[in-house]
Every structure is written in C-alpha cells, then in structure tokens.
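With mmCIF, C-alpha atoms; chains and numbers go by the auth columns inside, this is structure-v4.cif:
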data_final
#
loop_
_atom_site.group_PDB
_atom_site.id
_atom_site.type_symbol
_atom_site.label_atom_id
_atom_site.label_comp_id
_atom_site.label_asym_id
_atom_site.label_seq_id
_atom_site.Cartn_x
_atom_site.Cartn_y
_atom_site.Cartn_z
_atom_site.B_iso_or_equiv
_atom_site.auth_seq_id
_atom_site.auth_asym_id
ATOM 1 C CA MET A 1 43.497 171.216 87.553 0.00 1 A
ATOM 2 C CA GLY A 2 40.228 169.671 88.745 0.00 2 A
ATOM 3 C CA MET A 3 38.945 168.575 92.110 0.00 3 A
ATOM 4 C CA ALA A 4 41.596 165.859 92.280 0.00 4 A
ATOM 5 C CA ASP A 5 44.918 167.677 91.792 0.00 5 A
ATOM 6 C CA ILE A 6 47.975 165.786 90.560 0.00 6 A
ATOM 7 C CA ILE A 7 51.642 166.699 91.138 0.00 7 A
ATOM 8 C CA LEU A 8 54.891 165.040 90.178 0.00 8 A
ATOM 9 C CA LYS A 9 57.463 164.287 92.843 0.00 9 A
ATOM 10 C CA ASP A 10 60.614 162.316 92.095 0.00 10 A
ATOM 11 C CA THR A 11 58.886 161.076 88.925 0.00 11 A
ATOM 12 C CA LYS A 12 56.090 159.585 91.033 0.00 12 A
ATOM 13 C CA ILE A 13 52.518 160.720 90.483 0.00 13 A
ATOM 14 C CA ILE A 14 50.806 161.861 93.655 0.00 14 A
ATOM 15 C CA GLU A 15 47.091 162.569 93.535 0.00 15 A
ATOM 16 C CA PHE A 16 45.326 164.777 96.046 0.00 16 A
ATOM 17 C CA ASP A 17 41.559 164.665 96.384 0.00 17 A
ATOM 18 C CA ILE A 18 40.780 168.258 97.361 0.00 18 A
ATOM 19 C CA ASP A 19 37.277 167.418 98.587 0.00 19 A
ATOM 20 C CA LYS A 20 38.637 164.846 101.023 0.00 20 A
ATOM 21 C CA ILE A 21 41.313 167.248 102.244 0.00 21 A
ATOM 22 C CA VAL A 22 38.764 169.981 102.890 0.00 22 A
ATOM 23 C CA ASP A 23 36.468 167.532 104.698 0.00 23 A
ATOM 24 C CA ALA A 24 39.356 166.404 106.889 0.00 24 A
ATOM 25 C CA VAL A 25 40.314 169.983 107.756 0.00 25 A
ATOM 26 C CA LEU A 26 36.725 170.882 108.635 0.00 26 A
ATOM 27 C CA ALA A 27 36.379 167.764 110.774 0.00 27 A
ATOM 28 C CA ALA A 28 39.551 168.632 112.658 0.00 28 A
ATOM 29 C CA MET A 29 38.504 172.188 113.478 0.00 29 A
ATOM 30 C CA PRO A 30 36.758 172.896 116.789 0.00 30 A
ATOM 31 C CA GLU A 31 32.990 172.778 116.524 0.00 31 A
ATOM 32 C CA SER A 32 32.768 176.181 118.158 0.00 32 A
ATOM 33 C CA ASP A 33 34.354 177.767 115.072 0.00 33 A
ATOM 34 C CA PHE A 34 31.124 177.112 113.190 0.00 34 A
ATOM 35 C CA GLU A 35 28.687 178.158 115.883 0.00 35 A
ATOM 36 C CA LEU A 36 26.615 181.304 115.613 0.00 36 A
ATOM 37 C CA SER A 37 27.592 184.231 117.780 0.00 37 A
ATOM 38 C CA LYS A 38 25.208 185.261 120.530 0.00 38 A
ATOM 39 C CA GLU A 39 23.839 188.080 118.355 0.00 39 A
ATOM 40 C CA GLU A 40 23.515 185.840 115.281 0.00 40 A
ATOM 41 C CA ARG A 41 21.693 183.211 117.312 0.00 41 A
ATOM 42 C CA LYS A 42 19.340 185.846 118.674 0.00 42 A
ATOM 43 C CA ASN A 43 18.660 187.076 115.133 0.00 43 A
ATOM 44 C CA TYR A 44 18.084 183.541 113.879 0.00 44 A
ATOM 45 C CA ASN A 45 15.552 182.930 116.621 0.00 45 A
ATOM 46 C CA ARG A 46 13.831 186.217 115.786 0.00 46 A
ATOM 47 C CA PHE A 47 13.884 185.378 112.075 0.00 47 A
ATOM 48 C CA ILE A 48 12.202 182.020 112.702 0.00 48 A
ATOM 49 C CA ARG A 49 9.472 183.650 114.761 0.00 49 A
ATOM 50 C CA ILE A 50 8.864 186.241 112.049 0.00 50 A
ATOM 51 C CA MET A 51 8.600 183.508 109.424 0.00 51 A
ATOM 52 C CA SER A 52 6.039 181.809 111.642 0.00 52 A
ATOM 53 C CA GLU A 53 4.073 185.016 112.135 0.00 53 A
ATOM 54 C CA ILE A 54 3.894 185.735 108.392 0.00 54 A
ATOM 55 C CA GLU A 55 3.238 182.027 107.722 0.00 55 A
ATOM 56 C CA TRP A 56 6.229 181.222 105.526 0.00 56 A
ATOM 57 C CA PRO A 57 8.075 177.890 106.070 0.00 57 A
ATOM 58 C CA ALA A 58 11.576 179.325 105.561 0.00 58 A
ATOM 59 C CA TYR A 59 12.779 178.137 108.959 0.00 59 A
ATOM 60 C CA MET A 60 15.867 176.281 107.750 0.00 60 A
ATOM 61 C CA ASP A 61 17.655 179.225 106.122 0.00 61 A
ATOM 62 C CA GLY A 62 21.078 179.831 107.644 0.00 62 A
ATOM 63 C CA ASP A 63 21.879 183.096 105.826 0.00 63 A
ATOM 64 C CA ILE A 64 22.635 185.522 108.663 0.00 64 A
ATOM 65 C CA ASP A 65 22.457 188.568 106.344 0.00 65 A
ATOM 66 C CA PHE A 66 19.006 187.471 105.223 0.00 66 A
ATOM 67 C CA HIS A 67 17.962 187.181 108.867 0.00 67 A
ATOM 68 C CA GLU A 68 18.977 190.789 109.481 0.00 68 A
ATOM 69 C CA THR A 69 17.209 191.989 106.341 0.00 69 A
ATOM 70 C CA ILE A 70 13.946 190.326 107.336 0.00 70 A
ATOM 71 C CA ILE A 71 14.138 191.598 110.912 0.00 71 A
ATOM 72 C CA ASN A 72 14.777 195.177 109.777 0.00 72 A
ATOM 73 C CA LEU A 73 11.947 195.091 107.230 0.00 73 A
ATOM 74 C CA TYR A 74 9.550 193.518 109.695 0.00 74 A
ATOM 75 C CA GLU A 75 10.303 196.112 112.356 0.00 75 A
ATOM 76 C CA ASN A 76 10.557 199.173 110.094 0.00 76 A
ATOM 77 C CA GLY A 77 8.525 198.336 107.011 0.00 77 A
ATOM 78 C CA THR A 78 5.441 196.384 106.051 0.00 78 A
ATOM 79 C CA ILE A 79 4.591 192.706 105.684 0.00 79 A
ATOM 80 C CA GLU A 80 4.510 193.305 101.924 0.00 80 A
ATOM 81 C CA ASP A 81 8.132 194.523 102.108 0.00 81 A
ATOM 82 C CA VAL A 82 9.095 191.325 103.910 0.00 82 A
ATOM 83 C CA ILE A 83 7.396 189.142 101.271 0.00 83 A
ATOM 84 C CA VAL A 84 9.189 191.020 98.484 0.00 84 A
ATOM 85 C CA ALA A 85 12.512 190.368 100.226 0.00 85 A
ATOM 86 C CA VAL A 86 11.648 186.676 100.558 0.00 86 A
ATOM 87 C CA HIS A 87 11.016 186.417 96.813 0.00 87 A
ATOM 88 C CA GLU A 88 14.223 188.303 96.043 0.00 88 A
ATOM 89 C CA HIS A 89 16.177 185.920 98.271 0.00 89 A
ATOM 90 C CA TYR A 90 14.633 182.740 96.860 0.00 90 A
ATOM 91 C CA ASN A 91 15.310 183.792 93.286 0.00 91 A
ATOM 92 C CA SER A 92 16.128 181.975 90.046 0.00 92 A
ATOM 93 C CA ASP A 93 19.671 181.219 91.229 0.00 93 A
ATOM 94 C CA TYR A 94 18.246 179.587 94.339 0.00 94 A
ATOM 95 C CA ILE A 95 15.890 177.466 92.212 0.00 95 A
ATOM 96 C CA ASP A 96 18.778 176.317 90.015 0.00 96 A
ATOM 97 C CA ASP A 97 20.910 175.543 93.070 0.00 97 A
ATOM 98 C CA LEU A 98 18.120 173.478 94.612 0.00 98 A
ATOM 99 C CA HIS A 99 17.819 171.448 91.423 0.00 99 A
ATOM 100 C CA LYS A 100 21.573 170.833 91.431 0.00 100 A
ATOM 101 C CA ARG A 101 21.506 169.701 95.061 0.00 101 A
ATOM 102 C CA LEU A 102 18.648 167.294 94.340 0.00 102 A
ATOM 103 C CA GLU A 103 20.565 165.871 91.380 0.00 103 A
ATOM 104 C CA GLU A 104 23.677 165.301 93.494 0.00 104 A
ATOM 105 C CA SER A 105 21.821 163.722 96.419 0.00 105 A
ATOM 106 C CA ASP A 106 22.793 160.204 97.482 0.00 106 A
ATOM 107 C CA VAL A 107 19.382 159.754 99.086 0.00 107 A
ATOM 108 C CA ILE A 108 16.804 161.006 96.615 0.00 108 A
ATOM 109 C CA ASN A 109 15.697 158.637 93.854 0.00 109 A
ATOM 110 C CA LYS A 110 17.283 159.761 90.584 0.00 110 A
ATOM 111 C CA ASN A 111 13.998 159.134 88.743 0.00 111 A
ATOM 112 C CA ARG A 112 12.264 161.635 91.008 0.00 112 A
ATOM 113 C CA VAL A 113 14.577 164.529 90.184 0.00 113 A
ATOM 114 C CA PRO A 114 13.244 165.198 86.630 0.00 114 A
ATOM 115 C CA ILE A 115 9.715 165.439 88.051 0.00 115 A
ATOM 116 C CA ILE A 116 10.761 168.065 90.582 0.00 116 A
ATOM 117 C CA LYS A 117 12.893 169.806 87.961 0.00 117 A
ATOM 118 C CA GLU A 118 9.840 170.193 85.743 0.00 118 A
ATOM 119 C CA ALA A 119 7.923 171.711 88.650 0.00 119 A
ATOM 120 C CA LEU A 120 10.781 174.162 89.216 0.00 120 A
ATOM 121 C CA GLU A 121 10.800 175.088 85.526 0.00 121 A
ATOM 122 C CA LEU A 122 7.040 175.641 85.630 0.00 122 A
ATOM 123 C CA TYR A 123 7.589 177.954 88.592 0.00 123 A
ATOM 124 C CA LYS A 124 10.125 180.033 86.669 0.00 124 A
ATOM 125 C CA LEU A 125 7.650 180.305 83.785 0.00 125 A
ATOM 126 C CA GLY A 126 4.867 181.422 86.107 0.00 126 A
ATOM 127 C CA TYR A 127 2.753 178.257 85.875 0.00 127 A
ATOM 128 C CA TYR A 128 2.023 177.966 89.574 0.00 128 A
ATOM 129 C CA TYR A 129 -0.904 175.516 89.468 0.00 129 A
ATOM 130 C CA GLY A 130 1.418 173.032 87.767 0.00 130 A
ATOM 131 C CA THR A 131 4.193 173.717 90.256 0.00 131 A
ATOM 132 C CA VAL A 132 1.918 173.189 93.250 0.00 132 A
ATOM 133 C CA THR A 133 0.238 169.984 92.087 0.00 133 A
ATOM 134 C CA THR A 134 3.518 168.408 90.987 0.00 134 A
ATOM 135 C CA LEU A 135 5.365 169.206 94.205 0.00 135 A
ATOM 136 C CA LEU A 136 2.462 168.094 96.384 0.00 136 A
ATOM 137 C CA SER A 137 2.624 164.725 94.638 0.00 137 A
ATOM 138 C CA GLN A 138 6.331 164.371 95.456 0.00 138 A
ATOM 139 C CA ILE A 139 6.468 165.254 99.151 0.00 139 A
ATOM 140 C CA ILE A 140 5.686 161.754 100.376 0.00 140 A
ATOM 141 C CA GLY A 141 7.886 160.419 97.576 0.00 141 A
ATOM 142 C CA LEU A 142 10.838 162.257 99.107 0.00 142 A
ATOM 143 C CA VAL A 143 9.925 160.871 102.512 0.00 143 A
ATOM 144 C CA LYS A 144 9.854 157.381 100.995 0.00 144 A
ATOM 145 C CA ASP A 145 13.331 157.928 99.520 0.00 145 A
ATOM 146 C CA ILE A 146 14.606 158.890 102.960 0.00 146 A
ATOM 147 C CA GLU A 147 12.965 155.828 104.529 0.00 147 A
ATOM 148 C CA VAL A 148 14.468 153.523 101.888 0.00 148 A
ATOM 149 C CA PHE A 149 17.921 155.052 102.387 0.00 149 A
ATOM 150 C CA CYS A 150 17.746 154.652 106.164 0.00 150 A
ATOM 151 C CA ASP A 151 16.573 151.060 105.878 0.00 151 A
ATOM 152 C CA LYS A 152 19.232 150.166 103.315 0.00 152 A
ATOM 153 C CA ASN A 153 22.014 151.682 105.395 0.00 153 A
ATOM 154 C CA ARG A 154 20.655 150.468 108.730 0.00 154 A
ATOM 155 C CA ILE A 155 20.480 153.952 110.163 0.00 155 A
ATOM 156 C CA GLN A 156 19.215 153.806 113.720 0.00 156 A
ATOM 157 C CA LEU A 157 16.163 155.990 114.254 0.00 157 A
ATOM 158 C CA ASN A 158 15.269 157.408 117.634 0.00 158 A
ATOM 159 C CA PRO A 159 12.734 155.048 119.274 0.00 159 A
ATOM 160 C CA GLU A 160 11.515 157.901 121.505 0.00 160 A
ATOM 161 C CA ASN A 161 10.090 159.611 118.429 0.00 161 A
ATOM 162 C CA GLU A 162 7.420 156.924 118.149 0.00 162 A
ATOM 163 C CA LYS A 163 6.050 157.992 121.528 0.00 163 A
ATOM 164 C CA ILE A 164 6.134 161.656 120.508 0.00 164 A
ATOM 165 C CA LEU A 165 4.241 160.883 117.299 0.00 165 A
ATOM 166 C CA PHE A 166 1.330 159.300 119.077 0.00 166 A
ATOM 167 C CA ASN A 167 1.330 161.195 122.379 0.00 167 A
ATOM 168 C CA ARG A 168 2.010 164.713 121.153 0.00 168 A
ATOM 169 C CA TYR A 169 0.930 164.723 117.521 0.00 169 A
ATOM 170 C CA LYS A 170 -1.888 162.172 117.779 0.00 170 A
ATOM 171 C CA VAL A 171 -1.262 160.706 114.322 0.00 171 A
ATOM 172 C CA SER A 172 -2.446 157.306 113.154 0.00 172 A
ATOM 173 C CA LYS A 173 0.189 154.627 112.705 0.00 173 A
ATOM 174 C CA ASN A 174 0.164 154.299 108.918 0.00 174 A
ATOM 175 C CA SER A 175 -0.870 157.818 107.924 0.00 175 A
ATOM 176 C CA GLU A 176 1.161 159.967 105.567 0.00 176 A
ATOM 177 C CA LYS A 177 1.084 162.756 108.156 0.00 177 A
ATOM 178 C CA LYS A 178 2.802 160.388 110.572 0.00 178 A
ATOM 179 C CA ARG A 179 5.520 159.605 108.009 0.00 179 A
ATOM 180 C CA ILE A 180 6.353 163.245 107.306 0.00 180 A
ATOM 181 C CA ILE A 181 6.463 164.172 110.990 0.00 181 A
ATOM 182 C CA ALA A 182 8.605 161.111 111.785 0.00 182 A
ATOM 183 C CA THR A 183 11.102 162.167 109.120 0.00 183 A
ATOM 184 C CA LEU A 184 11.292 165.725 110.405 0.00 184 A
ATOM 185 C CA LEU A 185 11.739 164.501 113.981 0.00 185 A
ATOM 186 C CA GLU A 186 14.848 162.600 112.873 0.00 186 A
ATOM 187 C CA GLY A 187 16.199 165.828 111.398 0.00 187 A
ATOM 188 C CA LYS A 188 15.358 167.604 114.645 0.00 188 A
ATOM 189 C CA ASP A 189 17.400 165.079 116.618 0.00 189 A
ATOM 190 C CA ARG A 190 20.442 165.872 114.506 0.00 190 A
ATOM 191 C CA ASN A 191 20.283 169.591 113.832 0.00 191 A
ATOM 192 C CA ASP A 192 17.751 171.612 115.797 0.00 192 A
ATOM 193 C CA GLU A 193 19.454 174.878 116.738 0.00 193 A
ATOM 194 C CA GLU A 194 16.574 177.198 117.506 0.00 194 A
ATOM 195 C CA ARG A 195 13.552 174.873 117.462 0.00 195 A
ATOM 196 C CA GLU A 196 13.181 175.462 113.738 0.00 196 A
ATOM 197 C CA TYR A 197 12.083 171.853 113.216 0.00 197 A
ATOM 198 C CA LEU A 198 9.155 172.272 115.565 0.00 198 A
ATOM 199 C CA TYR A 199 7.956 175.226 113.497 0.00 199 A
ATOM 200 C CA LEU A 200 8.472 173.211 110.304 0.00 200 A
ATOM 201 C CA ILE A 201 6.577 170.237 111.702 0.00 201 A
ATOM 202 C CA GLY A 202 3.757 172.590 112.620 0.00 202 A
ATOM 203 C CA TYR A 203 3.606 173.925 109.070 0.00 203 A
ATOM 204 C CA PHE A 204 3.505 170.479 107.454 0.00 204 A
ATOM 205 C CA ARG A 205 1.055 169.187 110.018 0.00 205 A
ATOM 206 C CA SER A 206 -1.439 172.055 110.192 0.00 206 A
ATOM 207 C CA ILE A 207 -1.195 173.394 106.629 0.00 207 A
ATOM 208 C CA ILE A 208 0.058 171.005 103.959 0.00 208 A
ATOM 209 C CA PHE A 209 -1.312 167.848 105.574 0.00 209 A
ATOM 210 C CA SER A 210 -4.404 169.414 107.079 0.00 210 A
ATOM 211 C CA ASP A 211 -7.723 167.853 106.134 0.00 211 A
ATOM 212 C CA LYS A 212 -9.193 171.272 105.478 0.00 212 A
ATOM 213 C CA LEU A 213 -7.887 174.842 105.489 0.00 213 A
ATOM 214 C CA ASP A 214 -9.739 177.813 106.918 0.00 214 A
ATOM 215 C CA GLU A 215 -11.243 180.015 104.228 0.00 215 A
ATOM 216 C CA SER A 216 -8.825 182.784 105.181 0.00 216 A
ATOM 217 C CA ARG A 217 -5.875 180.607 104.095 0.00 217 A
ATOM 218 C CA LEU A 218 -7.162 179.272 100.787 0.00 218 A
ATOM 219 C CA ASP A 219 -5.436 182.037 98.804 0.00 219 A
ATOM 220 C CA THR A 220 -2.115 181.888 100.657 0.00 220 A
ATOM 221 C CA ASP A 221 -1.453 178.231 101.475 0.00 221 A
ATOM 222 C CA VAL A 222 -2.250 174.781 100.123 0.00 222 A
ATOM 223 C CA SER A 223 -3.746 171.654 101.630 0.00 223 A
ATOM 224 C CA ARG A 224 -2.587 168.481 99.942 0.00 224 A
ATOM 225 C CA ASN A 225 -5.871 166.779 100.736 0.00 225 A
ATOM 226 C CA MET A 226 -8.040 169.609 99.428 0.00 226 A
ATOM 227 C CA VAL A 227 -6.048 170.063 96.210 0.00 227 A
ATOM 228 C CA PHE A 228 -6.001 166.368 95.330 0.00 228 A
ATOM 229 C CA HIS A 229 -9.724 166.044 96.043 0.00 229 A
ATOM 230 C CA GLY A 230 -10.569 169.072 93.938 0.00 230 A
ATOM 231 C CA GLU A 231 -11.868 171.109 96.861 0.00 231 A
ATOM 232 C CA GLN A 232 -9.262 173.875 96.830 0.00 232 A
ATOM 233 C CA LEU A 233 -9.241 175.769 93.542 0.00 233 A
ATOM 234 C CA THR A 234 -7.243 178.802 94.624 0.00 234 A
ATOM 235 C CA PHE A 235 -3.705 177.425 94.674 0.00 235 A
ATOM 236 C CA GLY A 236 -2.150 179.153 91.673 0.00 236 A
ATOM 237 C CA SER A 237 -0.197 181.964 93.304 0.00 237 A
ATOM 238 C CA LYS A 238 3.551 182.516 93.307 0.00 238 A
ATOM 239 C CA ASP A 239 3.557 182.559 97.116 0.00 239 A
ATOM 240 C CA GLN A 240 1.860 179.171 97.360 0.00 240 A
ATOM 241 C CA ALA A 241 4.273 177.639 94.856 0.00 241 A
ATOM 242 C CA LEU A 242 7.398 179.081 96.484 0.00 242 A
ATOM 243 C CA LYS A 243 6.320 177.920 99.933 0.00 243 A
ATOM 244 C CA LEU A 244 6.163 174.362 98.617 0.00 244 A
ATOM 245 C CA ILE A 245 9.567 174.699 96.963 0.00 245 A
ATOM 246 C CA ILE A 246 11.019 175.770 100.303 0.00 246 A
ATOM 247 C CA CYS A 247 9.354 172.734 101.932 0.00 247 A
ATOM 248 C CA ILE A 248 10.950 170.455 99.329 0.00 248 A
ATOM 249 C CA ASP A 249 14.281 172.082 100.152 0.00 249 A
ATOM 250 C CA SER A 250 13.777 171.350 103.856 0.00 250 A
ATOM 251 C CA LEU A 251 13.250 167.666 103.089 0.00 251 A
ATOM 252 C CA TRP A 252 16.425 167.665 101.006 0.00 252 A
ATOM 253 C CA TRP A 253 18.256 169.072 104.044 0.00 253 A
ATOM 254 C CA VAL A 254 16.914 166.325 106.307 0.00 254 A
ATOM 255 C CA SER A 255 18.063 163.736 103.757 0.00 255 A
ATOM 256 C CA GLU A 256 21.558 165.260 103.851 0.00 256 A
ATOM 257 C CA LEU A 257 21.678 165.114 107.632 0.00 257 A
ATOM 258 C CA LEU A 258 20.688 161.453 107.652 0.00 258 A
ATOM 259 C CA SER A 259 23.229 160.622 104.951 0.00 259 A
ATOM 260 C CA LEU A 260 25.977 161.783 107.350 0.00 260 A
ATOM 261 C CA ASP A 261 25.220 158.685 109.456 0.00 261 A
ATOM 262 C CA VAL A 262 26.555 156.424 106.697 0.00 262 A
#
Please express what this file holds, its structure, as structure tokens.
Amino acid sequence: MGMADIILKDTKIIEFDIDKIVDAVLAAMPESDFELSKEERKNYNRFIRIMSEIEWPAYMDGDIDFHETIINLYENGTIEDVIVAVHEHYNSDYIDDLHKRLEESDVINKNRVPIIKEALELYKLGYYYGTVTTLLSQIIGLVKDIEVFCDKNRIQLNPENEKILFNRYKVSKNSEKKRIIATLLEGKDRNDEEREYLYLIGYFRSIIFSDKLDESRLDTDVSRNMVFHGEQLTFGSKDQALKLIICIDSLWWVSELLSLDV
C-alpha cells in the first residue's frame, strides 16, 4: 500500500493518510525528545567553528556523526583530510536529494528548479565554471521566491530585523545584500541553535556578496560581483562549486522553515 493506506471495516472503506498520522505523532511528542544532548550540542558548536575556520559554509548540517568525523580529522589529521571528508559527505546522493527537495518545495518557483538541476548535473560532470555561474545567478532568485511566498501567505516578518540590517550590517535599503541577509535573519529567528545563521550570514555577506575578494581567496571562494563583471577568472574548482551548492541548500532550508508558518 502507498502513503495513504486503506483498510476495510464492516464493509466501509477507511483511509489513513500516513504522512498526517506521523506529523500528528511528532507534534504530540515533547520537544525535548528532539533536542541534542549536551555532548552533541558541544560537538555541533565545535563543528560550526571548524567550518568557519576552514571557510566552508556547511553550518546547517545536522548530522551528528559527520560532526564527530570532522572534529576528529581536524584535531588528529590535516585540513586536506577534513576537505576530503566534506566531499565524501556531500556526495552524488546528497546532490540528488537536494534536487528532489527543491522539486518538492512549496516555496521555490517550479520554473527555477530545472535551472538549478542543470547546475547540479554540471557539477557531477565536473563542469564547475558552469555550476558556479548558474548558481550565482539563482541565489537572489531563491530569495525572491521566499519573499513572494511570505507576501502571498501574509507571513509576519520580524520588524526588529530592519534595525539590525541597517545598524549592524550597514546595508543599503534596496541592495541585494540586504535582501539575502534579511532572509537569513528570518531563518535565524526560527531555528538558530548554535549561532549557525550568524556564521552563514557572514559567509554570504563577506564572500559571495563582497564587492571584491582578497587575492588569497580567488582560488577558493567566489564573489558574485567579480564573477558577473568578469573580474574573477579563477572560479572553476570543485570546492568553489560545492560551497555554492551548500549555500543553495541553506536557502532551501530557510524556505522550509518559513513555510511552517502557513
């Protein structure tokens, strides 16, 4: 039987929607049942700091085994060992799963998904310049989808975030940098366990949406401004492409959090 199971009782057909039953059970369980243990929370915090130190935006990953792996490699191995583990974790299955999640999203524009899918396919084929340029073109598109969804469903956004945008982040009112940070702040309000959103905001703000990268970062990261203006020519590495894929995934996660308000 499928997701909606059917049984016969006294010749009457009774249909059970398994998804709804599971959702109801989860909602009824104490929130503490899903919280990280003290040790897991400590590891998550350490994992986030390591990701920041090695300049990878994988702050939103909740895999506790992956956290332990990265911590052990960082403390007992080399940075190269850590990067290898990151690539092994975010493998082809992960790429396929991300595509599926984008397809099933109630927030993301259905016409945007084939564009991102093509970028993901290019990544699997090793065409990283194509992956990077395509995904860079879609970041603000995803933000726009989230904005449209919130407006359509009258989702109340935190008015305090406007003050934070201008007082802390010093962004101009109509800039694209302002829009991405505003979106991430809404995710932070709903699901910031270990300040991972602050690290993510920092990555988007100082790397992807920076006006210009330091020369030392041109081979490891990408600036949207520099790529689109033809200034950065070294953006064809697997690392650079995967970092952007992980950023796209983080925006998908924010869209999911906001969809829970409907």
For the PyMOL selection byres ((chain A and resi 141-152) around 12), applied here, can you spell out every residue it catches as JSON, numbers by chain?
{"A": [102, 105, 106, 107, 108, 109, 110, 111, 112, 113, 115, 116, 134, 135, 136, 137, 138, 139, 140, 153, 154, 155, 156, 157, 176, 177, 178, 179, 180, 181, 182, 183, 184, 186, 187, 247, 248, 249, 250, 251, 252, 253, 254, 255, 256, 257, 258, 259, 260, 261, 262]}
If you count only C-alpha atoms, which residues fall within 9 Å of His89 (chain A), apart from same-chain ones fewer than 5 positions away, as an MDAnalysis selection string?
chainID A and resid 66 84 94
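CA of Lys117 (chain A) sits 9.4 Å away from CA of Lys100 (chain A).
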From (19.4, 184.6, 102.9), in the file's coordinates, out to 12 Å: which residues are reached, counting only C-alpha atoms? Answer as a VMD selection string.
chain A and resid 44 47 58 to 71 85 to 91 94
Lys238 (chain A) surroundings by all atoms listed in the file, 8 Å radius, close-in-sequence under 6 positions cut, as a ChimeraX atom specification:
/A:123,126,128
Between A:Leu185, A:Asn158, A:Arg217, A:Trp56, which is the closest to Tyr197 (chain A) once you count all atoms listed in the file?
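Between A:Leu185, A:Asn158, A:Arg217, A:Trp56, the residue approaching Tyr197 (chain A) most closely is A:Leu185.
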Once you add 5 Å to each side, what are the centre and edge lengths of the axis-aligned box holding all listed atoms of region 108-127 of chain A? One decimal in Å, as JSON, if you can.
{"center_x": 10.0, "center_y": 170.0, "center_z": 90.2, "size_x": 24.5, "size_y": 32.8, "size_z": 22.8}
Can you list, as a list of chain:residue names, the residues that the PyMOL selection byres ((chain A and resi 234) around 12) selects here?
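Answer for the PyMOL selection byres ((chain A and resi 234) around 12): A:Tyr128, A:Tyr129, A:Val132, A:Thr133, A:Leu213, A:Glu215, A:Ser216, A:Arg217, A:Leu218, A:Asp219, A:Thr220, A:Asp221, A:Val222, A:Ser223, A:Met226, A:Val227, A:Gly230, A:Glu231, A:Gln232, A:Leu233, A:Phe235, A:Gly236, A:Ser237, A:Lys238, A:Asp239, A:Gln240, A:Ala241.
CA of Met51 (chain A) is found 13.0 Å from CA of Glu194 (chain A).
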If I take CA of Ile246 (chain A) and CA of Glu40 (chain A), how far is one from the other in Å, to one decimal?
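According to the coordinates, CA of Ile246 (chain A) and CA of Glu40 (chain A) are separated by 22.0 Å.
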Contacts of Tyr203 (chain A) within 10 Å, only C-alpha atoms, excl. fewer than 5 positions in-chain, as an mmCIF file with C-alpha atoms, keeping the file's coordinate frame:
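That gives us around.cif:
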data_model
loop_
_atom_site.group_PDB
_atom_site.id
_atom_site.type_symbol
_atom_site.label_atom_id
_atom_site.label_comp_id
_atom_site.auth_asym_id
_atom_site.auth_seq_id
_atom_site.Cartn_x
_atom_site.Cartn_y
_atom_site.Cartn_z
ATOM 1 C CA SER A 52 6.039 181.809 111.642
ATOM 2 C CA GLU A 55 3.238 182.027 107.722
ATOM 3 C CA TRP A 56 6.229 181.222 105.526
ATOM 4 C CA PRO A 57 8.075 177.890 106.070
ATOM 5 C CA TYR A 197 12.083 171.853 113.216
ATOM 6 C CA LEU A 198 9.155 172.272 115.565
ATOM 7 C CA ILE A 208 0.058 171.005 103.959
ATOM 8 C CA PHE A 209 -1.312 167.848 105.574
ATOM 9 C CA SER A 210 -4.404 169.414 107.079
ATOM 10 C CA CYS A 247 9.354 172.734 101.932
#
